[in-house]
Every structure is written in structure tokens, then in C-alpha cells.
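input.txt (compact mmCIF, C-alpha atoms) appears below.
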# COMPACT_ATOMS: atom_id res chain seq x y z
CA MET A 1 -29.30 13.50 78.63
CA LEU A 2 -30.39 14.04 75.03
CA SER A 3 -26.76 14.02 73.95
CA LEU A 4 -26.14 10.71 75.75
CA ASN A 5 -29.19 9.19 74.06
CA ARG A 6 -27.87 10.25 70.67
CA ILE A 7 -24.46 8.74 71.43
CA ALA A 8 -26.15 5.50 72.51
CA LEU A 9 -28.23 5.45 69.32
CA VAL A 10 -25.18 6.03 67.11
CA THR A 11 -23.32 3.29 68.96
CA MET A 12 -26.21 0.87 68.47
CA PHE A 13 -26.27 1.58 64.73
CA ALA A 14 -22.49 1.12 64.52
CA ILE A 15 -22.70 -2.22 66.34
CA ALA A 16 -25.61 -3.33 64.13
CA GLY A 17 -23.68 -2.33 61.00
CA PHE A 18 -20.59 -4.25 62.15
CA MET A 19 -22.68 -7.34 62.93
CA ILE A 20 -24.28 -7.20 59.47
CA TRP A 21 -20.83 -6.89 57.88
CA GLN A 22 -19.56 -9.89 59.88
CA PHE A 23 -22.64 -11.92 58.94
CA ARG A 24 -22.22 -11.11 55.25
CA GLU A 25 -18.48 -11.91 55.35
CA LYS A 26 -19.24 -15.36 56.77
CA LEU A 27 -22.15 -15.86 54.37
CA TYR A 28 -20.02 -15.12 51.30
CA ALA A 29 -16.75 -16.55 52.58
CA ASP A 30 -16.89 -19.40 50.07
CA LYS A 31 -18.49 -17.43 47.23
CA GLY A 32 -16.14 -16.80 44.36
CA GLN A 33 -12.53 -17.83 44.11
CA LEU A 34 -9.38 -15.88 43.36
CA ILE A 35 -6.64 -17.83 41.61
CA ILE A 36 -3.24 -16.22 41.11
CA VAL A 37 -1.12 -17.27 38.13
CA ALA A 38 2.49 -16.15 38.34
CA PRO A 39 4.17 -14.65 35.24
CA GLN A 40 5.61 -17.31 32.94
CA GLY A 41 8.04 -14.99 31.21
CA ILE A 42 9.77 -11.72 32.00
CA ASN A 43 7.20 -9.68 30.04
CA ASP A 44 4.13 -11.61 31.16
CA PRO A 45 1.61 -10.20 33.66
CA VAL A 46 0.62 -11.72 36.96
CA VAL A 47 -2.95 -12.96 36.52
CA PHE A 48 -5.63 -12.44 39.16
CA SER A 49 -8.43 -14.76 38.06
CA TRP A 50 -11.83 -14.27 39.73
CA HIS A 51 -14.60 -16.83 39.18
CA GLY A 52 -17.87 -16.13 40.99
CA GLU A 53 -20.13 -13.37 42.23
CA VAL A 54 -19.03 -9.82 42.94
CA GLN A 55 -19.40 -10.32 46.67
CA LEU A 56 -17.31 -10.45 49.80
CA PRO A 57 -14.42 -11.18 49.93
CA MET A 58 -13.54 -10.19 46.34
CA ALA A 59 -12.04 -6.76 47.11
CA LYS A 60 -10.20 -8.11 50.15
CA GLN A 61 -8.64 -10.99 48.23
CA LEU A 62 -7.65 -8.80 45.28
CA GLY A 63 -6.13 -6.25 47.68
CA GLU A 64 -4.10 -8.95 49.44
CA ALA A 65 -2.94 -10.36 46.09
CA PHE A 66 -1.88 -6.90 44.93
CA GLY A 67 0.01 -6.34 48.16
CA LYS A 68 1.89 -9.60 47.61
CA TRP A 69 2.70 -9.08 43.92
CA LYS A 70 3.01 -5.31 43.41
CA SER A 71 6.78 -5.31 43.96
CA ARG A 72 7.28 -8.37 41.74
CA SER A 73 5.34 -7.36 38.63
CA SER A 74 4.36 -4.03 37.07
CA HIS A 75 1.62 -5.61 34.94
CA ILE A 76 -1.59 -7.14 36.30
CA LEU A 77 -4.23 -8.99 34.28
CA ILE A 78 -7.63 -9.40 35.94
CA ASP A 79 -9.37 -12.45 34.47
CA LEU A 80 -13.14 -12.29 35.07
CA ASP A 81 -15.95 -14.85 34.96
CA SER A 82 -18.81 -13.40 37.02
CA PRO A 83 -22.61 -13.07 37.08
CA GLY A 84 -22.25 -9.74 38.93
CA GLY A 85 -23.48 -9.11 42.44
CA SER A 86 -23.17 -6.43 45.09
CA LEU A 87 -23.01 -2.75 44.16
CA PHE A 88 -21.09 -2.05 47.37
CA GLU A 89 -18.49 -4.78 46.83
CA GLY A 90 -18.17 -3.78 43.18
CA LYS A 91 -17.47 -0.20 44.25
CA GLN A 92 -14.66 -1.43 46.51
CA VAL A 93 -13.15 -3.46 43.67
CA VAL A 94 -13.34 -0.54 41.20
CA GLU A 95 -11.68 1.79 43.71
CA LEU A 96 -8.95 -0.80 44.33
CA ILE A 97 -8.22 -1.10 40.59
CA ILE A 98 -8.05 2.70 40.28
CA LEU A 99 -5.45 2.62 43.06
CA MET A 100 -3.53 -0.17 41.29
CA LYS A 101 -3.39 1.85 38.08
CA ARG A 102 -1.48 4.66 39.78
CA THR A 103 1.64 2.47 39.78
CA HIS A 104 0.86 -0.55 37.58
CA ARG A 105 -0.56 -1.45 34.21
CA VAL A 106 -3.88 -3.21 34.76
CA ASP A 107 -5.67 -5.06 31.95
CA THR A 108 -8.90 -7.06 32.06
CA ILE A 109 -10.03 -10.16 30.17
CA VAL A 110 -13.12 -12.36 29.74
CA ARG A 111 -12.23 -15.62 28.04
CA ALA A 112 -14.15 -17.89 25.67
CA GLY A 113 -17.45 -19.16 27.07
CA LYS A 114 -17.16 -17.01 30.21
CA ILE A 115 -19.57 -14.34 31.42
CA CYS A 116 -19.41 -10.75 32.62
CA LEU A 117 -22.84 -9.65 33.79
CA SER A 118 -24.23 -6.71 35.71
CA MET A 119 -21.67 -5.34 38.25
CA CYS A 120 -18.89 -7.30 36.55
CA VAL A 121 -19.04 -4.84 33.63
CA PRO A 122 -17.86 -1.73 35.57
CA ILE A 123 -14.96 -3.80 36.92
CA PHE A 124 -14.00 -4.97 33.43
CA LEU A 125 -14.19 -1.39 32.16
CA GLN A 126 -11.35 -0.39 34.49
CA GLY A 127 -8.89 -2.31 32.32
CA GLN A 128 -6.44 -0.24 30.31
CA MET A 129 -6.53 -3.00 27.70
CA ARG A 130 -9.91 -4.74 27.72
CA MET A 131 -9.81 -8.13 26.04
CA ALA A 132 -12.63 -10.60 25.50
CA ALA A 133 -13.50 -13.64 23.42
CA ALA A 134 -16.14 -13.48 20.70
CA SER A 135 -18.13 -16.18 22.55
CA SER A 136 -18.08 -14.39 25.93
CA LYS A 137 -21.49 -13.33 27.22
CA TRP A 138 -22.41 -9.93 28.64
CA MET A 139 -25.43 -8.44 30.37
CA PHE A 140 -26.27 -4.83 31.20
CA HIS A 141 -29.19 -3.79 33.37
CA GLN A 142 -30.34 -1.15 35.78
CA PRO A 143 -29.19 -1.83 39.36
CA SER A 144 -31.70 -2.76 42.05
CA TYR A 145 -32.01 -2.05 45.74
CA VAL A 146 -31.33 -5.17 47.80
CA ASP A 147 -31.69 -6.17 51.43
CA ASP A 148 -28.32 -5.92 53.25
CA ILE A 149 -28.70 -9.36 54.82
CA THR A 150 -30.68 -11.50 52.36
CA ASP A 151 -29.49 -9.79 49.15
CA LYS A 152 -33.04 -10.06 47.81
CA LYS A 153 -34.44 -7.22 45.72
CA VAL A 154 -36.35 -4.55 47.62
CA LYS A 155 -39.23 -2.80 45.90
CA VAL A 156 -38.85 0.99 45.94
CA SER A 157 -40.59 3.93 44.32
CA LYS A 158 -40.06 4.59 40.64
CA SER A 159 -38.27 7.87 41.36
CA LYS A 160 -35.86 6.16 43.77
CA GLN A 161 -35.13 3.40 41.26
CA GLN A 162 -34.52 5.96 38.51
CA ALA A 163 -32.15 7.90 40.77
CA LEU A 164 -30.13 4.72 41.49
CA ALA A 165 -29.99 3.83 37.78
CA ARG A 166 -28.86 7.36 36.89
CA LYS A 167 -26.14 7.30 39.55
CA PHE A 168 -24.88 3.90 38.33
CA PHE A 169 -24.98 5.01 34.69
CA ASN A 170 -23.06 8.23 35.34
CA ARG A 171 -20.49 6.69 37.70
CA TYR A 172 -19.61 3.51 35.87
CA LEU A 173 -20.71 3.79 32.23
CA LEU A 174 -20.68 7.47 31.30
CA ASP A 175 -17.37 7.89 33.12
CA SER A 176 -15.70 5.23 30.96
CA GLU A 177 -14.38 4.75 27.44
CA ILE A 178 -17.66 3.28 26.13
CA ASP A 179 -18.83 4.86 22.88
CA ARG A 180 -21.33 7.62 23.67
CA LYS A 181 -23.75 6.78 20.85
CA TRP A 182 -23.81 3.13 21.93
CA LEU A 183 -24.46 4.25 25.51
CA GLN A 184 -27.46 6.29 24.41
CA ASN A 185 -28.94 3.19 22.77
CA LEU A 186 -28.21 1.14 25.90
CA GLN A 187 -29.97 3.71 28.08
CA ARG A 188 -33.11 3.31 25.97
CA GLU A 189 -32.84 -0.46 25.64
CA TRP A 190 -32.40 -1.30 29.32
CA GLN A 191 -35.68 0.44 30.16
CA LYS A 192 -37.29 -2.73 28.80
CA GLY A 193 -35.16 -5.15 30.83
CA ASP A 194 -31.83 -6.97 30.74
CA VAL A 195 -29.64 -6.26 27.71
CA TRP A 196 -27.62 -9.25 26.49
CA ARG A 197 -24.70 -9.28 24.06
CA THR A 198 -21.92 -11.62 23.02
CA GLY A 199 -18.37 -10.35 22.88
CA GLN A 200 -18.57 -10.43 19.10
CA GLU A 201 -21.74 -8.30 19.07
CA LEU A 202 -20.24 -5.72 21.44
CA TYR A 203 -17.16 -5.47 19.27
CA ASP A 204 -19.10 -5.30 15.98
CA GLU A 205 -21.43 -2.60 17.37
CA GLY A 206 -18.44 -0.41 18.20
CA ALA A 207 -19.39 -0.21 21.88
CA ASN A 208 -15.72 0.10 22.92
CA VAL A 209 -16.47 -2.05 25.96
CA ILE A 210 -13.94 -4.48 24.47
CA ASN A 211 -10.94 -3.00 22.70
CA GLN A 212 -9.30 -6.28 21.73
CA LEU A 213 -11.34 -9.26 20.52
CA LEU A 214 -9.74 -12.64 21.14
As C-alpha cells, what does this structure read like?
Amino acid sequence: MLSLNRIALVTMFAIAGFMIWQFREKLYADKGQLIIVAPQGINDPVVFSWHGEVQLPMAKQLGEAFGKWKSRSSHILIDLDSPGGSLFEGKQVVELIILMKRTHRVDTIVRAGKICLSMCVPIFLQGQMRMAAASSKWMFHQPSYVDDITDKKVKVSKSKQQALARKFFNRYLLDSEIDRKWLQNLQREWQKGDVWRTGQELYDEGANVINQLL
């Protein structure tokens, strides 16, 4: 009887999780837009241009685009203009790009006047060549816990928040090509709040977030 109760409980959680996922997919169905630009010349990349939040269905759309174009081009350029968003969706996108890089060259770009904030940064960092305009705007901050349905910040204990920040830092920033000295300064600076930079400032500071300034 106890075993049956446990099975019922697990099933209820699974159904609830699926319903939340469906709700969020509908909620964010029109958030963000992927535009695909076909190569103009034989040596040009196919461009996957994402404008909007890092939310559903970003990973799904990028995955479908890759499936369509992977046999037609060996070079992919991911063009970003994003205020950031979901840690979970961002994780799916990062893992997808890692998969892409097994067989393709994948570069990233943030153009003039565009933004790459919060969870957009770890996605940008996956680029083998990381290009950005001097006027692009960037923001780094510690991640927050959010409600699965409303996406509003959830207040948690200081120790829990620190653990999340440490996990994010180690997974996406420390495990990247960012300059270690610059990272140490960032770790101190973001204790006070959001850290803003222009593309020019990041490049001049030797952060190695951007390795080609446009």
C-alpha cells in the first residue's frame, strides 16, 4: 500500500511538472524571435539571430534550425540581442551549442547598440570567435531564484543564494576563456549589485569576454 502511495505521489509530481512546462511554453511562445539568414557566399556562415529573452522556446528553435542547416553549412554564427532570462532555458541553449561545436564551427556576435545581459553572457561565451561592437551593452550579476510559473524572484536564505551564485560562477564563468584576474574583480564587484560594461570597456579591460571588437 505504501509503495502504491509513493507511485501515486511520483505520478502526481510528474503530471504537475508537465503541466507547468506546458503553461510556460504557451506563456513564452511569442517571447523572442529566431531569424535565420542563409549564407550569402560559399565561405559565409548561416546566421541564427535571436532577439528577446532567454526563455522558451529559444533552445527548441535553435535546435530545429541546427537540424535544418547542419548538413548545408559547417559554420554557424549566433547573433544575440537579449536581456537574459531563465537559468534553465539558458542551460539548454549552452548544452545545445556544446553539441553543435562537436561537428561545426560556432561563433557568437553582439552588434552595435545591442545588449547581452545576465544569462545571455554564458551563451555568448560558447562562441569560438566572440565578436561584439564597442557600443554593445553588457550586464553581469548573481543569478536569483525565481518562481517556476510567474518567473518572479523568490527570496531565499543568504547561504542558498550564495550557493546558487557559486554554482553559476563556476559553471559558466570560471569554466570559460574569461581572464582570471578580471573574473576575480567581477566576483568582488557583483556583490554590490549589477555590473555594467560596454563592449569597448570589456575589450579594454582585457576581460577576454570579447575576442574581436567590431
*asked:* Between CA of Val110 (chain A) and CA of Phe48 (chain A), what distance in Å does the model show, to one decimal?
replied: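 Between these atoms lies a distance of 12.0 Å.
Take CA of Ser82 (chain A) and CA of Lys114 (chain A): the distance between them is 7.9 Å.
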_Just checking: using only C-alpha atoms, which residue out of A:Ser176, A:Thr198, A:Gln92, A:Gln126 ends up closest to Leu62 (chain A)?_
A:Gln92
*asked:* So the first atom is CA of Gly199 (chain A) and the second is CA of Leu164 (chain A); what is the distance between them in Å, to one decimal place?
replied: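 Separation between CA of Gly199 (chain A) and CA of Leu164 (chain A): 26.7 Å.
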*Could you give me, as a ChimeraX atom specification, the residues within 6 Å of Phe140 (chain A), counting only C-alpha atoms and dropping anything in the same chain fewer than 2 positions from it?*
/A:118,194-195
_as a PyMOL selection string, please: the residues near Val93 (chain A) (cut-off 8 Å, only C-alpha atoms, same-chain neighbours under 3 positions excluded)._
chain A and resi 58-59+62+89-90+96-97+123
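Close contacts of Ala112 (chain A), defined as residues with an atom at most 6 Å away when counting only C-alpha atoms, with chain neighbours fewer than 2 positions off set aside, comprise Lys114, Ala133, Ser135 and Ser136 of chain A.
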Exercise: residues within 10 Å of coordinate (-7.3, -18.7, 42.2), counting only C-alpha atoms, as a CSV table (one decimal) with C-alpha atoms, keeping the file's coordinate frame:
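In the end it all went to point37.csv:
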chain,number,residue,atom,x,y,z
A,32,GLY,CA,-16.1,-16.8,44.4
A,33,GLN,CA,-12.5,-17.8,44.1
A,34,LEU,CA,-9.4,-15.9,43.4
A,35,ILE,CA,-6.6,-17.8,41.6
A,36,ILE,CA,-3.2,-16.2,41.1
A,37,VAL,CA,-1.1,-17.3,38.1
A,47,VAL,CA,-3.0,-13.0,36.5
A,48,PHE,CA,-5.6,-12.4,39.2
A,49,SER,CA,-8.4,-14.8,38.1
A,50,TRP,CA,-11.8,-14.3,39.7
A,51,HIS,CA,-14.6,-16.8,39.2
A,61,GLN,CA,-8.6,-11.0,48.2
_Given all atoms listed in the file as the counted atoms, nearest of A:Pro143, A:Pro39, A:Gln191, A:Tyr172 to Glu95 (chain A)_ = A:Tyr172
*Of the residues A:Asn43, A:Asn170, A:Ser159, A:Gln55, which is the one nearest to Pro83 (chain A), using all atoms listed in the file?*
A:Gln55
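For the set A:Asp204, A:Ala38, A:Leu99, A:Glu53, the residue with the smallest atom-to-atom gap to Ser73 (chain A) is A:Ala38, counting all atoms listed in the file.
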*Nearest to Arg171 (chain A): which of A:Ala65, A:Ile78, A:Leu125, A:Val54 is it, counting only C-alpha atoms?*
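Ranked by minimum distance to Arg171 (chain A), first place goes to A:Leu125.
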_List as a PyMOL selection string the protein and nucleic acid residues near Val106 (chain A), meaning an atom at most 7 Å away when all atoms listed in the file are counted, but skip any in the same chain fewer than 2 places from it._
chain A and resi 75-77+101+104+108+127-128
